file protein.cif (mmCIF, C-alpha atoms and all ligand atoms)
data_my_file
loop_
_atom_site.label_atom_id
_atom_site.label_comp_id
_atom_site.auth_asym_id
_atom_site.auth_seq_id
_atom_site.Cartn_x
_atom_site.Cartn_y
_atom_site.Cartn_z
CA MET X 269 67.91 134.37 95.26
CA SER X 270 70.13 136.74 93.34
CA ALA X 271 73.74 137.83 93.12
CA ARG X 272 75.74 140.95 92.35
CA ILE X 273 79.38 141.36 91.51
CA GLY X 274 81.12 144.65 92.28
CA GLU X 275 84.51 145.07 90.61
CA HIS X 276 86.63 147.81 92.19
CA ALA X 277 90.28 148.71 91.88
CA ASP X 278 91.13 147.44 95.37
CA LYS X 279 88.69 144.54 95.66
CA THR X 280 85.99 142.43 94.03
CA ARG X 281 82.81 141.97 96.04
CA LEU X 282 80.27 139.21 95.52
CA VAL X 283 76.91 139.65 97.22
CA LEU X 284 74.38 136.81 97.39
CA GLU X 285 70.83 137.62 98.41
CA LEU X 286 69.27 134.99 100.64
CA SER X 287 65.76 134.27 101.85
CA ASP X 288 67.14 133.06 105.18
CA PRO X 289 70.43 133.30 107.07
CA VAL X 290 72.85 130.41 106.47
CA ASN X 291 75.96 129.00 108.03
CA LEU X 292 78.74 129.40 105.58
CA ARG X 293 82.26 128.16 105.30
CA ALA X 294 84.68 129.67 102.83
CA PHE X 295 88.20 128.58 101.95
CA SER X 296 90.56 128.87 99.02
CA LEU X 297 92.45 126.26 97.03
CA ALA X 298 95.36 126.55 94.61
CA SER X 299 96.04 124.92 91.21
CA PRO X 300 93.82 126.34 89.88
CA ASN X 301 93.18 129.25 92.23
CA ARG X 302 89.60 129.11 93.43
CA VAL X 303 87.40 129.90 96.40
CA ILE X 304 84.95 127.36 97.78
CA LEU X 305 81.80 128.40 99.62
CA ASP X 306 80.12 125.57 101.50
CA LEU X 307 76.50 126.08 102.49
CA PRO X 308 73.75 123.88 103.84
CA GLU X 309 71.51 122.47 101.11
CA VAL X 310 69.83 125.52 99.62
CA ALA X 311 67.46 126.01 96.70
CA TRP X 312 69.26 128.12 94.09
CA ARG X 313 66.78 130.51 92.56
CA MET X 314 69.06 132.95 90.77
CA GLY X 315 67.11 133.89 87.66
CA ASN X 316 69.83 135.96 86.05
CA PRO X 317 73.21 135.29 87.61
CA PRO X 318 75.66 138.11 86.86
CA VAL X 319 78.58 137.44 84.49
CA PRO X 320 81.99 138.68 85.64
CA SER X 321 83.59 141.16 83.20
CA GLY X 322 86.96 139.43 83.37
CA ARG X 323 88.64 142.59 84.69
CA GLY X 324 87.94 141.85 88.35
CA LEU X 325 89.28 139.00 90.46
CA ILE X 326 86.41 136.62 89.66
CA LYS X 327 86.84 134.70 86.42
CA ALA X 328 83.75 132.52 86.65
CA TYR X 329 81.63 130.74 89.23
CA ARG X 330 79.25 127.82 89.47
CA TYR X 331 76.92 126.49 92.11
CA GLY X 332 74.67 123.59 92.89
CA VAL X 333 74.04 120.61 95.12
CA PHE X 334 77.31 119.10 96.28
CA ARG X 335 76.43 116.24 98.58
CA THR X 336 73.11 115.55 100.24
CA GLY X 337 72.61 118.32 102.78
CA ASN X 338 75.37 120.40 101.29
CA ALA X 339 75.40 123.07 98.58
CA ARG X 340 78.53 124.59 97.17
CA MET X 341 79.67 127.54 95.12
CA VAL X 342 83.05 127.45 93.44
CA ILE X 343 84.58 130.76 92.33
CA ASP X 344 87.43 130.58 89.83
CA LEU X 345 89.89 133.43 90.24
CA ASN X 346 91.59 135.49 87.53
CA ARG X 347 94.42 136.36 89.89
CA PRO X 348 95.41 135.35 93.42
CA ALA X 349 93.03 136.91 95.94
CA ARG X 350 92.83 137.07 99.70
CA LEU X 351 89.43 136.18 101.10
CA GLY X 352 88.11 138.85 103.46
CA GLU X 353 85.87 138.03 106.39
CA THR X 354 82.64 136.53 105.06
CA LEU X 355 79.57 138.17 106.50
CA VAL X 356 75.86 137.46 106.54
CA ILE X 357 74.14 140.84 106.91
CA PRO X 358 70.63 140.87 108.39
CA PRO X 359 67.76 142.47 106.43
CA SER X 360 67.72 146.25 106.21
CA ALA X 361 66.74 149.08 103.87
CA GLY X 362 64.55 146.87 101.68
CA PHE X 363 67.22 144.16 101.29
CA GLY X 364 66.87 140.62 102.64
CA TYR X 365 69.74 138.64 104.13
CA ARG X 366 72.95 139.25 102.21
CA LEU X 367 76.07 137.19 102.11
CA VAL X 368 79.09 139.35 101.34
CA ILE X 369 82.34 137.94 100.03
CA ASP X 370 85.23 140.34 99.54
CA LEU X 371 88.30 139.40 97.56
CA PHE X 372 91.49 141.48 97.70
CA PRO X 373 94.41 141.19 95.28
CA THR X 374 97.42 139.42 96.72
CA THR X 375 100.54 137.61 95.55
CA GLN X 376 100.57 133.97 94.49
CA THR X 377 103.01 133.19 97.30
CA ALA X 378 100.74 134.70 99.95
CA TYR X 379 97.75 133.02 98.32
CA GLU X 380 99.33 129.61 98.45
CA SER X 381 100.33 129.98 102.08
CA ASP X 382 96.66 130.62 102.98
CA ALA X 383 95.10 128.12 100.58
CA GLY X 384 94.18 124.64 101.68
CA TRP X 385 91.51 122.34 102.96
CA PRO X 386 90.00 122.79 106.40
CA ALA X 387 91.29 119.94 108.58
CA ASP X 388 87.94 118.11 108.92
CA LEU X 389 87.30 118.12 105.18
CA ARG X 390 90.83 116.94 104.52
CA LYS X 391 90.22 114.08 106.93
CA ARG X 392 86.94 113.17 105.24
CA GLU X 393 88.64 113.01 101.84
CA ALA X 394 91.59 111.08 103.24
CA ASP X 395 89.24 108.55 104.86
CA ALA X 396 87.43 108.09 101.56
CA GLU X 397 90.78 107.67 99.83
CA ARG X 398 91.71 104.96 102.32
CA ARG X 399 88.35 103.19 101.96
CA ALA X 400 88.89 103.21 98.20
CA ARG X 401 92.12 101.26 98.65
CA VAL X 402 91.25 98.75 101.36
CA ALA X 403 90.53 95.28 100.02
CA VAL X 404 87.23 93.64 100.94
CA ALA X 405 86.25 89.98 101.06
CA PRO X 406 84.11 88.69 98.18
CA SER X 407 80.34 88.64 98.55
CA ALA X 408 79.06 85.66 100.55
CA THR X 409 75.53 85.60 99.13
CA GLY X 410 76.56 84.26 95.74
CA LYS X 411 74.41 86.88 94.07
CA ARG X 412 76.23 89.02 91.53
CA VAL X 413 76.63 92.65 92.49
CA VAL X 414 76.87 95.49 89.98
CA VAL X 415 77.55 99.07 90.98
CA ILE X 416 76.42 101.63 88.42
CA ASP X 417 77.88 105.09 88.56
CA ALA X 418 75.96 107.86 86.82
CA GLY X 419 78.74 110.31 85.95
CA HIS X 420 78.91 113.91 87.15
CA GLY X 421 75.82 115.40 88.90
CA GLY X 422 74.86 118.43 90.94
CA ILE X 423 77.37 121.21 90.52
CA ASP X 424 79.13 119.29 87.74
CA SER X 425 76.87 119.01 84.68
CA GLY X 426 79.40 117.23 82.50
CA THR X 427 79.06 117.85 78.78
CA SER X 428 76.20 119.92 77.31
CA GLY X 429 74.52 118.49 74.24
CA VAL X 430 73.96 120.39 70.98
CA ASN X 431 70.25 119.94 71.78
CA GLY X 432 70.59 121.20 75.35
CA LEU X 433 70.65 117.72 76.89
CA LEU X 434 73.01 117.69 79.87
CA GLU X 435 75.32 114.72 80.36
CA LYS X 436 74.46 114.49 84.09
CA ASP X 437 70.73 114.17 83.35
CA LEU X 438 71.14 111.74 80.47
CA VAL X 439 73.42 109.38 82.38
CA LEU X 440 71.18 109.39 85.46
CA ALA X 441 68.12 108.46 83.37
CA GLU X 442 70.09 105.70 81.63
CA THR X 443 71.47 104.42 84.93
CA LEU X 444 68.01 104.10 86.47
CA LEU X 445 66.76 102.14 83.44
CA LEU X 446 69.82 99.88 83.49
CA ALA X 447 69.36 99.22 87.22
CA LYS X 448 65.79 98.12 86.55
CA GLU X 449 66.90 95.78 83.74
CA LEU X 450 69.65 94.21 85.84
CA ARG X 451 67.44 93.73 88.91
CA ALA X 452 64.85 92.04 86.70
CA ARG X 453 67.63 89.58 85.75
CA GLY X 454 68.38 88.72 89.39
CA ILE X 455 71.43 90.93 89.82
CA THR X 456 71.97 93.06 92.92
CA VAL X 457 72.46 96.69 91.90
CA HIS X 458 73.75 99.66 93.87
CA LEU X 459 73.90 103.18 92.49
CA THR X 460 76.49 105.81 93.39
CA ARG X 461 73.76 108.41 92.89
CA GLU X 462 70.01 108.15 92.38
CA LYS X 463 69.33 111.84 91.93
CA ASP X 464 71.04 115.02 90.89
CA GLY X 465 73.95 115.36 93.31
CA TYR X 466 77.71 115.21 93.19
CA GLY X 467 80.02 112.62 94.70
CA PRO X 468 83.82 112.79 94.51
CA LEU X 469 85.39 110.21 92.18
CA ARG X 470 87.23 108.41 94.96
CA ASP X 471 83.98 108.11 96.95
CA ARG X 472 82.46 106.35 93.96
CA VAL X 473 85.34 103.87 93.90
CA ALA X 474 85.03 103.38 97.68
CA PHE X 475 81.28 102.82 97.30
CA ALA X 476 81.85 100.02 94.77
CA ARG X 477 84.35 98.36 97.09
CA ALA X 478 82.14 98.71 100.15
CA HIS X 479 79.38 96.91 98.25
CA LYS X 480 81.78 94.20 97.09
CA ALA X 481 80.89 94.84 93.46
CA ASP X 482 81.64 92.16 90.89
CA LEU X 483 81.45 94.78 88.15
CA PHE X 484 81.57 98.57 88.12
CA LEU X 485 79.94 100.53 85.29
CA SER X 486 80.47 104.27 85.05
CA ILE X 487 78.02 105.83 82.60
CA HIS X 488 78.97 108.97 80.65
CA ALA X 489 78.44 110.72 77.33
CA ASP X 490 81.22 112.22 75.27
CA ALA X 491 81.83 115.37 73.24
CA HIS X 492 84.20 116.01 70.36
CA SER X 493 85.36 119.17 68.61
CA ASP X 494 84.54 117.42 65.33
CA ALA X 495 80.72 117.33 65.37
CA SER X 496 80.64 114.44 62.89
CA VAL X 497 82.16 111.98 65.37
CA THR X 498 79.49 109.58 66.65
CA GLY X 499 78.96 106.34 68.48
CA LEU X 500 79.45 104.31 71.60
CA SER X 501 82.87 103.73 73.16
CA ILE X 502 83.87 101.76 76.26
CA TYR X 503 86.98 102.60 78.26
CA THR X 504 89.04 100.48 80.61
CA LEU X 505 91.88 101.66 82.82
CA SER X 506 95.06 102.25 80.91
CA ASP X 507 98.24 100.53 82.05
CA GLY X 508 100.16 103.62 80.99
CA ARG X 509 99.78 103.57 77.25
CA SER X 510 96.98 105.67 75.82
CA ASP X 511 96.64 107.77 72.69
CA ARG X 512 96.20 111.53 72.68
CA GLU X 513 92.42 111.47 72.37
CA ALA X 514 92.10 108.98 75.24
CA ALA X 515 94.37 111.17 77.34
CA ALA X 516 92.17 114.20 76.55
CA LEU X 517 89.08 112.24 77.53
CA ALA X 518 90.67 111.18 80.82
CA LYS X 519 91.54 114.78 81.54
CA ARG X 520 87.92 115.83 80.89
CA GLU X 521 86.35 113.10 82.99
CA ASN X 522 88.89 113.37 85.83
CA GLN X 523 88.27 117.13 85.87
CA SER X 524 84.95 116.32 87.55
CA ASP X 525 86.40 116.72 91.05
CA VAL X 526 88.06 120.01 90.12
CA ILE X 527 84.77 121.35 88.79
CA ALA X 528 82.99 120.37 92.00
CA GLY X 529 85.87 121.77 94.08
CA VAL X 530 86.74 118.50 95.80
CA ASP X 531 90.14 117.52 94.48
CA LEU X 532 92.46 116.98 97.40
CA LEU X 533 95.56 116.81 95.27
CA ALA X 534 96.40 119.65 92.96
CA ASP X 535 96.92 117.29 90.06
CA ASN X 536 93.95 115.00 89.69
CA SER X 537 95.38 112.91 86.90
CA VAL X 538 95.95 109.26 87.65
CA THR X 539 99.65 108.68 87.81
CA PRO X 540 100.67 105.57 85.90
CA ILE X 541 100.00 102.91 88.47
CA LEU X 542 102.18 99.97 89.27
CA ILE X 543 100.04 97.12 88.13
CA ASP X 544 100.52 93.94 90.09
CA LEU X 545 99.29 90.51 89.11
CA ALA X 546 95.94 90.80 90.87
CA GLN X 547 95.28 94.06 89.15
CA ARG X 548 96.42 92.65 85.83
CA ASP X 549 93.72 89.99 86.24
CA THR X 550 91.15 92.70 87.01
CA LEU X 551 92.24 94.66 83.92
CA ASN X 552 91.94 91.54 81.77
CA LYS X 553 88.41 90.94 83.04
CA SER X 554 87.52 94.58 82.40
CA ALA X 555 88.85 94.36 78.85
CA LEU X 556 86.98 91.12 78.24
CA PHE X 557 83.73 92.71 79.39
CA ALA X 558 84.38 95.85 77.30
CA LYS X 559 84.92 93.78 74.14
CA SER X 560 81.85 91.59 74.62
CA ALA X 561 79.68 94.59 75.55
CA VAL X 562 80.74 96.45 72.40
CA ALA X 563 79.82 93.36 70.36
CA GLN X 564 76.48 93.02 72.14
CA LEU X 565 75.61 96.70 71.76
CA ALA X 566 76.58 96.89 68.09
CA GLY X 567 73.05 95.73 67.27
CA VAL X 568 71.50 98.40 69.48
CA THR X 569 73.35 101.63 68.76
CA ASN X 570 76.07 102.94 66.47
CA ILE X 571 79.62 102.30 67.56
CA LEU X 572 82.58 104.68 67.44
CA ALA X 573 84.12 103.97 64.05
CA ARG X 574 87.70 103.88 65.27
CA SER X 575 88.46 101.34 68.06
CA PRO X 576 85.37 101.49 70.30
CA HIS X 577 87.21 99.72 73.12
CA ARG X 578 89.87 102.08 74.39
CA SER X 579 91.90 102.68 77.52
CA ALA X 580 92.65 105.82 79.50
CA SER X 581 93.87 106.86 82.95
CA LEU X 582 90.45 107.33 84.50
CA ALA X 583 90.27 108.09 88.21
CA VAL X 584 86.92 106.36 88.63
CA LEU X 585 88.29 103.01 87.38
CA VAL X 586 91.19 102.51 89.80
CA ALA X 587 89.77 99.87 92.18
CA PRO X 588 92.44 97.16 92.01
CA ASP X 589 90.04 94.23 92.47
CA ILE X 590 86.82 95.18 90.66
CA PRO X 591 86.50 94.87 86.89
CA ALA X 592 85.45 98.35 85.81
CA VAL X 593 84.55 100.13 82.60
CA LEU X 594 83.53 103.65 81.70
CA ILE X 595 80.85 103.70 79.02
CA GLU X 596 80.52 106.74 76.77
CA LEU X 597 76.96 106.31 75.47
CA GLY X 598 77.58 108.49 72.42
CA PHE X 599 78.55 112.03 71.47
CA LEU X 600 76.43 114.90 72.75
CA SER X 601 78.32 117.09 70.27
CA ASN X 602 76.74 115.18 67.36
CA LEU X 603 73.19 116.08 66.30
CA ASP X 604 72.07 112.52 65.53
CA ASP X 605 73.62 110.98 68.65
CA ALA X 606 72.22 113.72 70.89
CA ALA X 607 68.72 113.41 69.37
CA GLN X 608 68.78 109.63 69.70
CA MET X 609 69.98 109.69 73.31
CA LYS X 610 67.09 111.98 74.17
CA THR X 611 64.48 109.38 73.23
CA GLN X 612 63.02 106.93 75.72
CA ALA X 613 62.96 104.22 73.04
CA TRP X 614 66.74 104.34 72.54
CA ARG X 615 67.40 104.54 76.27
CA GLU X 616 65.33 101.42 76.97
CA LYS X 617 66.86 99.49 74.08
CA PHE X 618 70.36 100.41 75.23
CA ALA X 619 69.68 99.48 78.88
CA ALA X 620 68.32 96.08 77.82
CA GLY X 621 71.31 95.42 75.54
CA LEU X 622 73.82 96.36 78.20
CA ALA X 623 72.02 94.25 80.82
CA THR X 624 72.28 91.26 78.48
CA ALA X 625 76.01 91.91 78.06
CA VAL X 626 76.41 91.92 81.86
CA VAL X 627 74.52 88.65 82.31
CA ARG X 628 76.60 86.98 79.56
CA HIS X 629 79.78 88.27 81.15
CA PHE X 630 78.88 86.69 84.49
CA ALA X 631 77.83 83.44 82.83
CA GLY X 632 81.16 83.15 81.01
CA ASP X 633 83.00 84.07 84.16
CA ALA X 634 81.26 81.31 86.17
CA ALA X 635 81.86 78.72 83.43
CA ALA X 636 85.58 79.48 83.43
CA VAL X 637 85.75 79.11 87.19
CA MET X 638 83.92 75.77 87.07
CA ALA X 639 86.22 74.52 84.30
CA ALA X 640 89.13 75.18 86.64
CA GLY X 641 87.55 72.75 89.13
CA THR X 642 86.46 75.18 91.82
CA ARG X 643 83.01 76.34 92.78
CA PRO X 644 82.06 79.81 91.62
ZN ZN Z 1 81.49 112.40 81.66
#

call {"tool": "encode", "arguments": {"input": "protein.cif", "output": "structure tokens"}}
result
Amino acid sequence: MSARIGEHADKTRLVLELSDPVNLRAFSLASPNRVILDLPEVAWRMGNPPVPSGRGLIKAYRYGVFRTGNARMVIDLNRPARLGETLVIPPSAGFGYRLVIDLFPTTQTAYESDAGWPADLRKREADAERRARVAVAPSATGKRVVVIDAGHGGIDSGTSGVNGLLEKDLVLAETLLLAKELRARGITVHLTREKDGYGPLRDRVAFARAHKADLFLSIHADAHSDASVTGLSIYTLSDGRSDREAAALAKRENQSDVIAGVDLLADNSVTPILIDLAQRDTLNKSALFAKSAVAQLAGVTNILARSPHRSASLAVLVAPDIPAVLIELGFLSNLDDAAQMKTQAWREKFAAGLATAVVRHFAGDAAAVMAAGTRP
């Protein structure tokens, strides 16, 4: 319900006021140094969350829904800090339940020897990682399957628009409209999220593979330091070559797991992957879809002036056997783009245009297969 930060010479104390007692788990992670507090799903009602001065051990913090049934607070540290015993103090002297987190200065070496994932969480992430890599047989129903991934969510808001529009809200609204359009065209659609919650990037990849997706669409919105930059861009997975701006974008979008406190590996960048023939075919299909979708959508929205089809090392696009693109709807840093993306009219027009691009992609795909003399 509220929070206080006490910055002392020998420790920094964070106190959270609660309406009810909670079970809490706290652990610390390195690179960057941060403390994770896992809670059951709670309603955050902090009207005026305190801002750390920068002199104490807490640099910044964020909180929100993590997964269904699970809330999380992530505390970024200014300096390495040892986590004291975390306590939930029962009501007394006019206070309700209080959760007390004490942080004590320590050395980076000592910090790193304590930091790490609890074993069960590590296992959960490792299982998801494995599921993301296991190949699945193609769908037997013959119906095309599209998985749409609304980027970010929950604790990770993504980019904030110049008009206050949050990327996570925009992309969810667009995803729901697109799902409706695709279903109306006879396509099976699964969504990685249908409300405001976070899912790790590798879970999103695993989800697409578990549903035997024929196409994976990750929906995002971009931001640029130059506020005049506007327009749609569509990214496919880079085979190693990507320009500086694409690399910066990949860093921003891959940062999602770091923001939500889920990255298992310290470095969340996608290492240049060894691309085998099967994956080369997947990349070709992804690029083909990206090009035709850009052409289709040119009549619906403005297109990034310089090369709207681009490639970058994006963690959410790594499934080796599912054509996948990441669509940046436009720039939330641009006044016109942000205003346009806020309107229902534009959102519906865009969803319809993209759905048409998907249907055409599948039609072309099937024709090519039939030309080769096999049944689709
Ligand atoms: Zn994004």

call {"tool": "atom_distance", "arguments": {"input": "protein.cif", "atom1": "atom CA of Met341 of chain X", "atom2": "atom CA of Gly324 of chain X"}}
result
17.9 Å

call {"tool": "residues_around", "arguments": {"input": "protein.cif", "residues": "Leu351 of chain X", "least_positions_apart": "4", "cutoff": "7 Å", "atoms": "all atoms listed in the file", "output": "ChimeraX atom specification"}}
result
/X:370-372

call {"tool": "closest_atom_pairs", "arguments": {"input": "protein.cif", "of": "chain X", "to": "ligand ZN 1 (chain Z)", "cutoff": "8 Å", "atoms": "all atoms listed in the file", "output": "CSV"}}
result
residue,atom,partner,partner_atom,distance
X:Gly419,CA,Z:ZN1,ZN,5.5
X:His420,CA,Z:ZN1,ZN,6.3
X:Gly426,CA,Z:ZN1,ZN,5.3
X:Thr427,CA,Z:ZN1,ZN,6.6
X:Glu435,CA,Z:ZN1,ZN,6.7
X:Lys436,CA,Z:ZN1,ZN,7.7
X:Ile487,CA,Z:ZN1,ZN,7.5
X:His488,CA,Z:ZN1,ZN,4.4
X:Ala489,CA,Z:ZN1,ZN,5.6
X:Asp490,CA,Z:ZN1,ZN,6.4
X:Arg520,CA,Z:ZN1,ZN,7.3
X:Glu521,CA,Z:ZN1,ZN,5.1
X:Ser524,CA,Z:ZN1,ZN,7.9
X:Glu596,CA,Z:ZN1,ZN,7.5

call {"tool": "atom_distance", "arguments": {"input": "protein.cif", "atom1": "atom CA of Phe599 of chain X", "atom2": "atom CA of Ser493 of chain X"}}
result
10.3 Å

call {"tool": "atom_distance", "arguments": {"input": "protein.cif", "atom1": "atom CA of Ala452 of chain X", "atom2": "atom CA of Asp464 of chain X"}}
result
24.2 Å

call {"tool": "residues_near_point", "arguments": {"input": "protein.cif", "point": "(82.3, 128.8, 99.0)", "cutoff": "9 Å", "atoms": "all atoms listed in the file", "output": "list in words"}}
result
Leu292, Arg293, Ala294, Phe295, Ser296, Val303, Ile304, Leu305, Asp306, Leu307, Ala339, Arg340, Met341, Val342 and Ile343 of chain X

call {"tool": "closest_residue", "arguments": {"input": "protein.cif", "among": "X:Leu444, X:Val526, X:Val430, X:Val368", "to": "Asp604 of chain X", "atoms": "all atoms listed in the file"}}
result
X:Val430

call {"tool": "residues_around", "arguments": {"input": "protein.cif", "residues": "Leu517 of chain X", "least_positions_apart": "5", "cutoff": "10 Å", "atoms": "only C-alpha atoms", "output": "ChimeraX atom specification"}}
result
/X:490-492,503,512,522-523,579-582

call {"tool": "residues_around", "arguments": {"input": "protein.cif", "residues": "Pro317 of chain X", "least_positions_apart": "6", "cutoff": "8 Å", "atoms": "all atoms listed in the file", "output": "short mmCIF file (atom, residue, chain, number, x, y, z; two decimals) with C-alpha atoms, keeping the file's coordinate frame"}}
result
data_model
loop_
_atom_site.label_atom_id
_atom_site.label_comp_id
_atom_site.auth_asym_id
_atom_site.auth_seq_id
_atom_site.Cartn_x
_atom_site.Cartn_y
_atom_site.Cartn_z
CA SER X 270 70.13 136.74 93.34
CA ALA X 271 73.74 137.83 93.12
CA ARG X 272 75.74 140.95 92.35
#

call {"tool": "residues_around", "arguments": {"input": "protein.cif", "residues": "Ala620 of chain X", "least_positions_apart": "4", "cutoff": "8 Å", "atoms": "only C-alpha atoms", "output": "short mmCIF file (atom, residue, chain, number, x, y, z; two decimals) with C-alpha atoms, in the frame of the given file"}}
result
data_model
loop_
_atom_site.label_atom_id
_atom_site.label_comp_id
_atom_site.auth_asym_id
_atom_site.auth_seq_id
_atom_site.Cartn_x
_atom_site.Cartn_y
_atom_site.Cartn_z
CA LEU X 446 69.82 99.88 83.49
CA GLU X 449 66.90 95.78 83.74
CA GLU X 616 65.33 101.42 76.97
CA THR X 624 72.28 91.26 78.48
#

call {"tool": "residues_around", "arguments": {"input": "protein.cif", "residues": "Tyr365 of chain X", "least_positions_apart": "5", "cutoff": "6 Å", "atoms": "all atoms listed in the file", "output": "list in words"}}
result
Glu285, Leu286, Ile357, Pro358 and Pro359 of chain X

call {"tool": "closest_residue", "arguments": {"input": "protein.cif", "among": "X:Val356, X:Ile455, X:Ile369, X:Phe363", "to": "Ile273 of chain X", "atoms": "all atoms listed in the file"}}
result
X:Ile369

call {"tool": "closest_residue", "arguments": {"input": "protein.cif", "among": "X:Leu594, X:Leu603, X:Leu434, X:Ala328", "to": "Ala495 of chain X", "atoms": "all atoms listed in the file"}}
result
X:Leu603

call {"tool": "axis_aligned_box", "arguments": {"input": "protein.cif", "around": "segment 298-303 of chain X", "padding_each_side": "6 Å", "output": "lines of an AutoDock Vina configuration file"}}
result
center_x = 91.7
center_y = 127.4
center_z = 93.1
size_x = 20.6
size_y = 17.0
size_z = 18.5

call {"tool": "closest_residue", "arguments": {"input": "protein.cif", "among": "X:Ala361, X:Val497, X:Val310, X:Ala418", "to": "Ser601 of chain X", "atoms": "all atoms listed in the file"}}
result
X:Val497

call {"tool": "build_atoms", "arguments": {"input": "protein.cif", "residues": "segment 286-303 of chain X", "atoms": "N, CA and C atoms", "output": "PDB file, in the frame of the given file"}}
result
ATOM      1  N   LEU X 286      69.805 136.235 100.087  1.00  0.00           N
ATOM      2  CA  LEU X 286      69.270 134.990 100.640  1.00  0.00           C
ATOM      3  C   LEU X 286      67.881 135.221 101.227  1.00  0.00           C
ATOM      4  N   SER X 287      67.065 134.166 101.206  1.00  0.00           N
ATOM      5  CA  SER X 287      65.760 134.270 101.850  1.00  0.00           C
ATOM      6  C   SER X 287      65.897 134.095 103.362  1.00  0.00           C
ATOM      7  N   ASP X 288      66.925 133.352 103.765  1.00  0.00           N
ATOM      8  CA  ASP X 288      67.140 133.060 105.180  1.00  0.00           C
ATOM      9  C   ASP X 288      68.637 133.124 105.478  1.00  0.00           C
ATOM     10  N   PRO X 289      68.990 133.324 106.750  1.00  0.00           N
ATOM     11  CA  PRO X 289      70.430 133.300 107.070  1.00  0.00           C
ATOM     12  C   PRO X 289      70.976 131.880 106.935  1.00  0.00           C
ATOM     13  N   VAL X 290      72.241 131.741 106.593  1.00  0.00           N
ATOM     14  CA  VAL X 290      72.850 130.410 106.470  1.00  0.00           C
ATOM     15  C   VAL X 290      74.188 130.390 107.199  1.00  0.00           C
ATOM     16  N   ASN X 291      74.592 129.190 107.566  1.00  0.00           N
ATOM     17  CA  ASN X 291      75.960 129.000 108.030  1.00  0.00           C
ATOM     18  C   ASN X 291      76.823 128.758 106.815  1.00  0.00           C
ATOM     19  N   LEU X 292      77.912 129.456 106.770  1.00  0.00           N
ATOM     20  CA  LEU X 292      78.740 129.400 105.580  1.00  0.00           C
ATOM     21  C   LEU X 292      80.170 129.066 105.968  1.00  0.00           C
ATOM     22  N   ARG X 293      80.826 128.323 105.125  1.00  0.00           N
ATOM     23  CA  ARG X 293      82.260 128.160 105.300  1.00  0.00           C
ATOM     24  C   ARG X 293      82.933 128.479 103.987  1.00  0.00           C
ATOM     25  N   ALA X 294      83.970 129.288 104.049  1.00  0.00           N
ATOM     26  CA  ALA X 294      84.680 129.670 102.830  1.00  0.00           C
ATOM     27  C   ALA X 294      86.158 129.336 102.987  1.00  0.00           C
ATOM     28  N   PHE X 295      86.747 128.803 101.938  1.00  0.00           N
ATOM     29  CA  PHE X 295      88.200 128.580 101.950  1.00  0.00           C
ATOM     30  C   PHE X 295      88.689 128.619 100.515  1.00  0.00           C
ATOM     31  N   SER X 296      90.007 128.762 100.371  1.00  0.00           N
ATOM     32  CA  SER X 296      90.560 128.870  99.020  1.00  0.00           C
ATOM     33  C   SER X 296      91.502 127.705  98.739  1.00  0.00           C
ATOM     34  N   LEU X 297      91.592 127.358  97.468  1.00  0.00           N
ATOM     35  CA  LEU X 297      92.450 126.260  97.030  1.00  0.00           C
ATOM     36  C   LEU X 297      93.285 126.741  95.852  1.00  0.00           C
ATOM     37  N   ALA X 298      94.474 126.176  95.715  1.00  0.00           N
ATOM     38  CA  ALA X 298      95.360 126.550  94.610  1.00  0.00           C
ATOM     39  C   ALA X 298      95.318 125.496  93.507  1.00  0.00           C
ATOM     40  N   SER X 299      95.893 125.827  92.371  1.00  0.00           N
ATOM     41  CA  SER X 299      96.040 124.920  91.210  1.00  0.00           C
ATOM     42  C   SER X 299      94.761 124.254  90.780  1.00  0.00           C
ATOM     43  N   PRO X 300      93.850 124.894  90.153  1.00  0.00           N
ATOM     44  CA  PRO X 300      93.820 126.340  89.880  1.00  0.00           C
ATOM     45  C   PRO X 300      93.314 127.112  91.091  1.00  0.00           C
ATOM     46  N   ASN X 301      93.628 128.408  91.118  1.00  0.00           N
ATOM     47  CA  ASN X 301      93.180 129.250  92.230  1.00  0.00           C
ATOM     48  C   ASN X 301      91.656 129.362  92.225  1.00  0.00           C
ATOM     49  N   ARG X 302      91.043 128.998  93.356  1.00  0.00           N
ATOM     50  CA  ARG X 302      89.600 129.110  93.430  1.00  0.00           C
ATOM     51  C   ARG X 302      89.143 129.178  94.880  1.00  0.00           C
ATOM     52  N   VAL X 303      87.974 129.749  95.068  1.00  0.00           N
ATOM     53  CA  VAL X 303      87.400 129.900  96.400  1.00  0.00           C
ATOM     54  C   VAL X 303      86.179 129.000  96.483  1.00  0.00           C
TER      55      VAL X 303
END
